[in-house]
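Asker: Handing you a structure now.
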Amino acid sequence: MIKSFSDDLPIVDIVKATKVYPPDIIAVQNVSLAVGKGELVFLTGMSGAGKTTLLKMVCCIEQPTKGVIEVAGHDLSRIRQTEIQKLRRQIGVVYQDFKILPKQTVYENIAIPMEVMYRSPKEIRKRVDQLLETLRITHKRNIQTAKLSRGEQQRVAIARAAANEPPLILADEPTGNLDSEVSGYVMELFKQLNNAGSTIIIATHDESIYRKSRHRKVELQHGLFSGHVGHRQLPLINA
Ligand SMILES: Nc1ncnc2c1ncn2[C@@H]1O[C@H](COP(=O)(O)OP(=O)(O)O)[C@@H](O)[C@H]1O
Ligand SMILES: [Mg+2]
């Protein structure tokens, strides 16, 4: 039985994680971070700092070379493949390179995670249209995503990750291809999702989206957290 995301545990608990890519590239070194339920955390740092690698370890795309990663109380190195699949369905991921389906339309891409969860066609239509409106891409609804600009594709990736209002959202550079106005709409969506209960980690080097935010910021520098290096960063639950 899969543990629930509502258990009173950190949703994400990274304990002394190190990732070495062959032959000897240390992408993340001895990093610890606990993210509590309902938090919105900015994972900041320059390009190459290890942000993407850290997120990939949380969503099981990469395994840590050392250390432990727990999601909703599950040690990812110990859980069965079938349980990883169940867990993954509860994580909305915005990949840095989007990973949307090029031949499918905007609508179809965003509907996929809801179809997987057997949501009703009416409900799916309503939710997709609402997301398109929020992200200002309603006019591209029935276009194949291969024909969109990078900024439009990025918004499709964000809408797909948000579709089910998953308990955990990992967004990798979600505003990387967007101008400041559209970045504002995206951040508004993340805030709505966070207010509705989603725990969110946003990896970004875009200072404009976190500079004035009241949410927690943790900065990676060359694979290490800046400040108290190696120190366990405890959750701060936002009121
Ligand atoms: N698949 C990979 N193989 C080898 N090196 C990688 C791989 N992915 C990332 N790296 C390296 O790991 C370091 C951290 O990269 P990354 O996690 O993508 O950082 P960020 O997302 O902060 O830009 C960089 O030096 C990068 O070149
Ligand atoms: Mg990255």
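Chain labels A, B, ... are given in the sequence in which chains occur in the structure tokens; within each chain residues are numbered consecutively from 1, and ligands are likewise numbered from 1 in the order shown.
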Distance limit 6 Å, reference ligand 1, atoms considered: only C-alpha atoms and all ligand atoms. Which residues make the cut? Give them as a PyMOL selection string.
Answerer: chain A and resi 21+25+27+46-53
Asker: Restricted to C-alpha atoms, what would the selected residues look like written as an mmCIF file, in the first residue's frame?
Answerer:
```cif
data_model
loop_
_atom_site.group_PDB
_atom_site.id
_atom_site.type_symbol
_atom_site.label_atom_id
_atom_site.label_comp_id
_atom_site.auth_asym_id
_atom_site.auth_seq_id
_atom_site.Cartn_x
_atom_site.Cartn_y
_atom_site.Cartn_z
ATOM 1 C CA TYR A 21 27.840 11.335 -13.336
ATOM 2 C CA ILE A 25 31.321 14.848 -12.613
ATOM 3 C CA ALA A 27 26.688 17.397 -9.916
ATOM 4 C CA MET A 46 23.407 29.430 -11.581
ATOM 5 C CA SER A 47 23.420 27.170 -14.590
ATOM 6 C CA GLY A 48 25.357 23.995 -13.773
ATOM 7 C CA ALA A 49 24.724 24.286 -10.030
ATOM 8 C CA GLY A 50 22.898 20.934 -9.869
ATOM 9 C CA LYS A 51 19.237 22.034 -9.748
ATOM 10 C CA THR A 52 18.008 19.744 -12.520
ATOM 11 C CA THR A 53 19.956 16.800 -11.122
#
```
Asker: Residues near region 107-111 of chain A, anyone? I mean within 8 Å using only C-alpha atoms, not counting same-chain ones fewer than 4 positions away, as a PyMOL selection string.
Answerer: chain A and resi 100-101+115+124-125+128+141-142+156-157+159-161+163
Asker: Could you tell me how far CA of Glu207 (chain A) sits from CA of Leu135 (chain A), in Å to one decimal place?
Answerer: 20.5 Å
Asker: Out of region 36-166 of chain A, which residues get helix (DSSP H, G or I) from DSSP, as a ChimeraX atom specification?
Answerer: /A:51-58,81-88,106-116,121-134,138-140,145-147,150-162
Asker: Kindly export the residues of the current selection with C-alpha atoms, as a tab-separated table (two decimals), in the first residue's frame.
Answerer:
```tsv
chain	number	residue	atom	x	y	z
A	51	LYS	CA	19.24	22.03	-9.75
A	52	THR	CA	18.01	19.74	-12.52
A	53	THR	CA	19.96	16.80	-11.12
A	54	LEU	CA	18.39	17.30	-7.69
A	55	LEU	CA	14.87	17.41	-9.15
A	56	LYS	CA	15.56	14.36	-11.32
A	57	MET	CA	16.55	12.42	-8.21
A	58	VAL	CA	13.30	13.41	-6.50
A	81	GLN	CA	8.88	-0.36	-9.54
A	82	THR	CA	5.08	-0.58	-9.43
A	83	GLU	CA	5.00	1.72	-6.41
A	84	ILE	CA	7.35	4.17	-8.11
A	85	GLN	CA	4.83	4.35	-10.94
A	86	LYS	CA	2.00	5.07	-8.51
A	87	LEU	CA	4.09	7.70	-6.78
A	88	ARG	CA	5.07	9.31	-10.09
A	106	VAL	CA	-2.12	21.38	-26.86
A	107	TYR	CA	-5.44	20.07	-25.56
A	108	GLU	CA	-4.43	16.41	-25.87
A	109	ASN	CA	-1.12	16.94	-24.09
A	110	ILE	CA	-2.74	18.62	-21.11
A	111	ALA	CA	-5.56	16.05	-20.94
A	112	ILE	CA	-3.23	13.02	-20.73
A	113	PRO	CA	-2.58	13.00	-16.96
A	114	MET	CA	-6.29	13.38	-16.28
A	115	GLU	CA	-7.20	10.55	-18.67
A	116	VAL	CA	-4.69	8.33	-16.86
A	121	PRO	CA	-14.48	13.87	-20.22
A	122	LYS	CA	-16.54	16.81	-18.99
A	123	GLU	CA	-14.23	17.43	-16.07
A	124	ILE	CA	-11.16	17.13	-18.32
A	125	ARG	CA	-12.55	19.67	-20.79
A	126	LYS	CA	-13.33	22.12	-18.05
A	127	ARG	CA	-9.92	21.85	-16.41
A	128	VAL	CA	-7.94	22.05	-19.67
A	129	ASP	CA	-9.87	25.13	-20.78
A	130	GLN	CA	-9.36	26.76	-17.39
A	131	LEU	CA	-5.58	26.15	-17.59
A	132	LEU	CA	-5.41	27.44	-21.16
A	133	GLU	CA	-7.18	30.59	-20.06
A	134	THR	CA	-4.92	31.11	-17.04
A	138	THR	CA	-6.60	29.28	-25.45
A	139	HIS	CA	-6.09	30.31	-29.09
A	140	LYS	CA	-3.60	27.40	-29.55
A	145	THR	CA	2.60	21.33	-30.03
A	146	ALA	CA	5.44	20.96	-32.59
A	147	LYS	CA	4.06	24.07	-34.26
A	150	ARG	CA	9.21	27.55	-27.11
A	151	GLY	CA	7.33	29.82	-24.74
A	152	GLU	CA	4.00	28.28	-25.76
A	153	GLN	CA	5.40	24.75	-25.45
A	154	GLN	CA	6.65	25.63	-21.99
A	155	ARG	CA	3.15	26.69	-20.96
A	156	VAL	CA	1.73	23.38	-22.25
A	157	ALA	CA	4.29	21.55	-20.09
A	158	ILE	CA	3.26	23.61	-17.08
A	159	ALA	CA	-0.46	23.07	-17.69
A	160	ARG	CA	0.08	19.31	-18.07
A	161	ALA	CA	1.98	19.17	-14.75
A	162	ALA	CA	-0.76	21.17	-13.04
```
Asker: Region 53-170 of chain A: which residues are strand (DSSP E) by DSSP, as a PyMOL selection string?
Answerer: chain A and resi 66-71+74-75+91-94+168-170
Asker: Excluding Ile209 (chain A) and any residue of its chain fewer than 4 positions from it, enumerate the residues within 10 Å of it, using only C-alpha atoms, and give them as a list in words.
Answerer: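 Near neighbours after the sequence-gap exclusion: Phe42, Thr175, Ser180, Ser183, Gly184, Val186, Met187, Ile202, Thr204, His205 and Ser213 of chain A.
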Asker: Leaving out Gln192 (chain A) and any residue of its chain fewer than 3 positions from it, which residues lie within 12 Å of it when counting only C-alpha atoms, given as a list in words?
Answerer: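 Using only C-alpha atoms, the neighbours found are Gly38, Leu40, Leu131, Thr134, Ala162, Glu165, Tyr185, Val186, Met187, Glu188, Leu189, Asn195, Ala196, Gly197, Ser198, Thr199 and Ile200 of chain A.
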Asker: When you count only C-alpha atoms and all ligand atoms, which of these residues is closest to ligand 2: A:Ile169, A:Lys16, A:Ile137, A:Asp206?
Answerer: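 Closest to ligand 2, using only C-alpha atoms and all ligand atoms: A:Asp206.
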Asker: Identify which of the residues A:Pro23, A:Gly176, A:Gly92, A:Pro102 lies closest to ligand 2, counting only C-alpha atoms and all ligand atoms when measuring atom-to-atom distances.
Answerer: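 Among the listed residues, the smallest separation from ligand 2 belongs to A:Gly176.
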Asker: Name the closest residue to ligand 2 among the candidates A:Gly223, A:Gly73, A:Gly36, A:Pro64; distances are taken between atoms, counting only C-alpha atoms and all ligand atoms.
Answerer: A:Gly223
